[in-house]
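A short worksheet on the structure shown next.
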Amino acid sequence: MTAQTTTLDITGMSCANCSATIEDSLADLDGVSDVTANYATDEATVEYDDGAVSLADLYAAVEEAGYGAVSETTRIGIADMSCANCADTNAEALESLPGVVEADVNYATDEAQVRYNPAATDIELFYDAIENAGYEPVRENAGDDGGGDTDARDAAREGEIRKQLRLTIFGAALSAPMLVFLADKFLLGGALVPGSVFGVELGWIQFLLATPVQIVLGRPFYANSYDALVKNRRANMDVLIALGSSTAYGYSVAVLAGLIAGSVYFDTAALILVFITLGNYLEARSKGQAGDALRELLEMEADTATVVTDDGEEEIPLKDVAVVDRMKVRPGEQIPTDGVVVDGQSAVDESMVTGESVPVEKTEGDEVVGSTINENGVLTVEATKVGSDTALQQIVQTVKEAQSRQPDIQNVADRISAYFVPIVIANAVLWGLLWFFL
């Protein structure tokens, strides 16, 4: 619990009474020690105890009073998350930063959606917080306009898919012989595989096969387990995987060295890691396919527009088109951006937006949507929305926001999973002790 001072940019104030209303609304919150709202500067300075009241509570109080507090939202790609507990860890790390209103981290999409006070924090701090929590943020390129650097995230996601595939193939190649040994032992009673090969006991062969798997495939799980337990003081699914695999491997080494009596379980140690890594690969691939759908949607945009000028016509990049520019759209061409028809008549294929397969007749005064296809006549269209304001970009942003936010039922499942790992470990220790002593 520490004392914090923050400045909120207020919208909607029109007189001194407005500032007094905001001061009263904020002062009523437990933990707020001092409030000053200035109508002249549209700002409110608040001193509060972050252990008793959160920045989100301050924003909510301003909104309940009928005003607005300026905030911005950004999305950050996060690599190396392996379960819902990882998402919770990143959310807590982000929400602990001064200036962060709320953070919603979705493990299913490897993304964090952060709402923050732009006057009180910086996005670089978000990256640092994620790194300090033991995960890898996807850093955006300078000049990104808020939609997130799709190329950077796609590259990171493709890299993760290739990495998981390589690990899976490596582990499967070394584990395949042990799977044969296992099948021979339980299905054929050991009739197929001899007890030694070229004078080397079967246990040592399994040791030679399992050790590289334990080192290469197990290393990410051990590193993530260390970060979870030491840095974040919580157990995630990587802890269970590392514990199960290393216990089977360590016990088998002890048996092989003659320290204890029993059977070796090198196959179990290796196959646990192989199957989990295979699952990680399939999961990474499914996330990549979800990103491909958005990328294909964005590829529907036109690259250029033919703008009508005083000197005739000029073809310019789409990003240079401004509102009220007039564009000439010929048959078969894409309408570059949202607008209204000022001259001409044609049928426009709007199936990519509406799903309607029959082209819609357009004439002077009708609205058209960017990226739809002009079918037959020549249209002159005046741009009304450009850039991120177009219908296509709004669809993409809505889908991204929906992907980043978790449904309530998933939040419930995540809260349960936070207790799942400790309960499983405690249960295993209990029955292990009972078995050992009784």
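By convention here, the chains of the structure tokens are called A, B, ... in the order presented, each chain's residues are numbered starting at 1, and ligands are numbered starting at 1 in the order presented.
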
Practice prompt. Would you mind writing down, as a PyMOL selection string, each residue of stretch 87-139 of chain A that DSSP on the backbone assigns to alpha helix (DSSP H)?
Written response: chain A and resi 87-95+123-132

Practice prompt. Would you kindly return, as a ChimeraX atom specification, each protein, DNA or RNA residue with an atom no farther than 9 Å from any atom of stretch 365-378 of chain A, considering only C-alpha atoms and excluding same-chain residues fewer than 4 positions away?
Written response: /A:300-302,328-353,359,385-386,390-392

Output N, CA, C and O atoms for every residue in the selection just made, as a compact mmCIF listing (two decimals), in the first residue's frame.
```
# COMPACT_ATOMS: atom_id res chain seq x y z
N MET A 300 -7.95 -7.31 -48.35
CA MET A 300 -9.02 -6.92 -49.27
C MET A 300 -8.97 -5.43 -49.60
O MET A 300 -9.61 -4.98 -50.55
N GLU A 301 -8.25 -4.65 -48.80
CA GLU A 301 -8.18 -3.21 -49.06
C GLU A 301 -7.45 -2.92 -50.37
O GLU A 301 -6.51 -3.62 -50.74
N ALA A 302 -7.87 -1.85 -51.03
CA ALA A 302 -7.16 -1.40 -52.22
C ALA A 302 -5.81 -0.79 -51.82
O ALA A 302 -5.65 -0.30 -50.70
N LYS A 328 -12.24 8.39 -58.72
CA LYS A 328 -12.85 7.77 -59.89
C LYS A 328 -12.69 6.25 -59.74
O LYS A 328 -11.58 5.75 -59.56
N VAL A 329 -13.82 5.53 -59.81
CA VAL A 329 -13.79 4.07 -59.66
C VAL A 329 -14.38 3.45 -60.92
O VAL A 329 -15.58 3.62 -61.22
N ARG A 330 -13.55 2.74 -61.68
CA ARG A 330 -13.98 2.13 -62.94
C ARG A 330 -14.50 0.72 -62.70
O ARG A 330 -14.28 0.14 -61.64
N PRO A 331 -15.18 0.14 -63.69
CA PRO A 331 -15.71 -1.22 -63.55
C PRO A 331 -14.61 -2.22 -63.21
O PRO A 331 -13.53 -2.20 -63.80
N GLY A 332 -14.91 -3.08 -62.24
CA GLY A 332 -13.96 -4.11 -61.82
C GLY A 332 -12.99 -3.67 -60.75
O GLY A 332 -12.24 -4.48 -60.19
N GLU A 333 -12.96 -2.36 -60.44
CA GLU A 333 -12.03 -1.84 -59.43
C GLU A 333 -12.67 -1.86 -58.04
O GLU A 333 -13.90 -1.85 -57.89
N GLN A 334 -11.81 -1.86 -57.03
CA GLN A 334 -12.28 -1.74 -55.65
C GLN A 334 -12.57 -0.27 -55.32
O GLN A 334 -11.84 0.62 -55.77
N ILE A 335 -13.62 -0.04 -54.57
CA ILE A 335 -13.85 1.30 -54.04
C ILE A 335 -12.83 1.50 -52.92
O ILE A 335 -12.81 0.74 -51.95
N PRO A 336 -11.94 2.48 -53.05
CA PRO A 336 -10.79 2.58 -52.13
C PRO A 336 -11.17 2.78 -50.66
O PRO A 336 -10.56 2.20 -49.78
N THR A 337 -12.18 3.61 -50.40
CA THR A 337 -12.51 3.92 -49.01
C THR A 337 -14.00 4.25 -48.90
O THR A 337 -14.69 4.42 -49.92
N ASP A 338 -14.50 4.33 -47.70
CA ASP A 338 -15.92 4.65 -47.52
C ASP A 338 -16.23 6.03 -48.10
O ASP A 338 -15.41 6.96 -47.97
N GLY A 339 -17.41 6.15 -48.70
CA GLY A 339 -17.74 7.44 -49.28
C GLY A 339 -19.18 7.49 -49.75
O GLY A 339 -19.99 6.62 -49.45
N VAL A 340 -19.48 8.54 -50.53
CA VAL A 340 -20.81 8.73 -51.09
C VAL A 340 -20.67 9.02 -52.58
O VAL A 340 -19.74 9.71 -53.01
N VAL A 341 -21.54 8.43 -53.36
CA VAL A 341 -21.49 8.60 -54.81
C VAL A 341 -21.94 10.03 -55.17
O VAL A 341 -23.02 10.47 -54.77
N VAL A 342 -21.10 10.75 -55.92
CA VAL A 342 -21.45 12.11 -56.36
C VAL A 342 -21.72 12.16 -57.86
O VAL A 342 -22.28 13.15 -58.35
N ASP A 343 -21.36 11.08 -58.56
CA ASP A 343 -21.63 11.06 -60.00
C ASP A 343 -21.54 9.61 -60.49
O ASP A 343 -20.69 8.83 -60.05
N GLY A 344 -22.45 9.26 -61.43
CA GLY A 344 -22.40 7.93 -62.03
C GLY A 344 -23.44 6.98 -61.45
O GLY A 344 -24.12 7.28 -60.46
N GLN A 345 -23.53 5.82 -62.10
CA GLN A 345 -24.47 4.79 -61.67
C GLN A 345 -23.84 3.43 -61.95
O GLN A 345 -23.26 3.21 -63.02
N SER A 346 -23.98 2.51 -60.99
CA SER A 346 -23.37 1.20 -61.16
C SER A 346 -23.95 0.24 -60.14
O SER A 346 -24.69 0.64 -59.23
N ALA A 347 -23.59 -1.04 -60.28
CA ALA A 347 -23.91 -2.05 -59.27
C ALA A 347 -22.63 -2.37 -58.52
O ALA A 347 -21.56 -2.49 -59.12
N VAL A 348 -22.74 -2.48 -57.22
CA VAL A 348 -21.56 -2.71 -56.37
C VAL A 348 -21.73 -4.03 -55.62
O VAL A 348 -22.77 -4.27 -55.00
N ASP A 349 -20.70 -4.87 -55.71
CA ASP A 349 -20.70 -6.14 -54.99
C ASP A 349 -20.25 -5.88 -53.55
O ASP A 349 -19.09 -5.62 -53.28
N GLU A 350 -21.20 -5.97 -52.60
CA GLU A 350 -20.92 -5.71 -51.19
C GLU A 350 -20.91 -6.99 -50.36
O GLU A 350 -21.05 -6.96 -49.14
N SER A 351 -20.72 -8.13 -51.03
CA SER A 351 -20.81 -9.43 -50.33
C SER A 351 -19.76 -9.57 -49.24
O SER A 351 -19.99 -10.24 -48.23
N MET A 352 -18.59 -8.93 -49.41
CA MET A 352 -17.54 -9.07 -48.40
C MET A 352 -17.93 -8.40 -47.09
O MET A 352 -17.37 -8.70 -46.03
N VAL A 353 -18.91 -7.49 -47.12
CA VAL A 353 -19.37 -6.82 -45.91
C VAL A 353 -20.70 -7.36 -45.44
O VAL A 353 -20.89 -7.68 -44.26
N PRO A 359 -25.35 -7.97 -56.40
CA PRO A 359 -24.83 -6.60 -56.37
C PRO A 359 -25.94 -5.58 -56.11
O PRO A 359 -27.09 -5.77 -56.50
N LYS A 385 -14.88 8.60 -45.04
CA LYS A 385 -14.11 8.00 -43.95
C LYS A 385 -12.84 7.40 -44.53
O LYS A 385 -12.90 6.70 -45.55
N VAL A 386 -11.73 7.65 -43.88
CA VAL A 386 -10.45 7.14 -44.37
C VAL A 386 -9.67 6.51 -43.21
O VAL A 386 -10.00 6.71 -42.04
N THR A 390 -12.64 3.62 -41.55
CA THR A 390 -13.44 2.91 -42.54
C THR A 390 -14.13 1.69 -41.92
O THR A 390 -13.72 1.19 -40.88
N ALA A 391 -15.18 1.23 -42.60
CA ALA A 391 -15.96 0.10 -42.08
C ALA A 391 -15.09 -1.15 -41.94
O ALA A 391 -15.18 -1.88 -40.94
N LEU A 392 -14.20 -1.40 -42.93
CA LEU A 392 -13.35 -2.59 -42.88
C LEU A 392 -12.41 -2.54 -41.68
O LEU A 392 -12.26 -3.54 -40.95
```

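Between A:Ala322 and the candidates A:Asp238, A:Asp292, A:Glu64, A:Glu382, the tightest atom-to-atom separation, counting only C-alpha atoms, involves A:Glu382.
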
Discussion item. Can you tell me which residues surround stretch 212-214 of chain A at a distance of at most 10 Å, considering only C-alpha atoms, apart from same-chain residues fewer than 3 positions away, and format the answer as a PyMOL selection string?
Written reply: chain A and resi 167-168+170-175+207-209+217-219+242+245-246+249+266+269-274

Worksheet entry | Counting only C-alpha atoms, the option among A:Val114, A:Val53, A:Ile276, A:Ile169 closest to A:Asp28 |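 Looking only at the distances to A:Asp28, the closest residue turns out to be A:Val53.
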
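Nearest residue to A:Thr380 among A:Asp104, A:Glu47, A:Glu364, A:Asp57 is A:Glu364, counting only C-alpha atoms.
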
Practice prompt. Name all residues at most 7 Å from A:Ile78 (count only C-alpha atoms; drop same-chain ones fewer than 5 positions away) and give them as a PyMOL selection string.
Written response: chain A and resi 110-111+135-138

Worksheet item: Please, what distance in Å, to one decimal, runs between atom CA of A:Glu131 and atom CA of A:Thr6?
Response: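 Between these atoms lies a distance of 24.9 Å.
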
Response to the item:
Among A:Trp435, A:Tyr265, A:Tyr251, A:Trp204, A:Leu179 is approached most closely, using only C-alpha atoms, by A:Tyr265
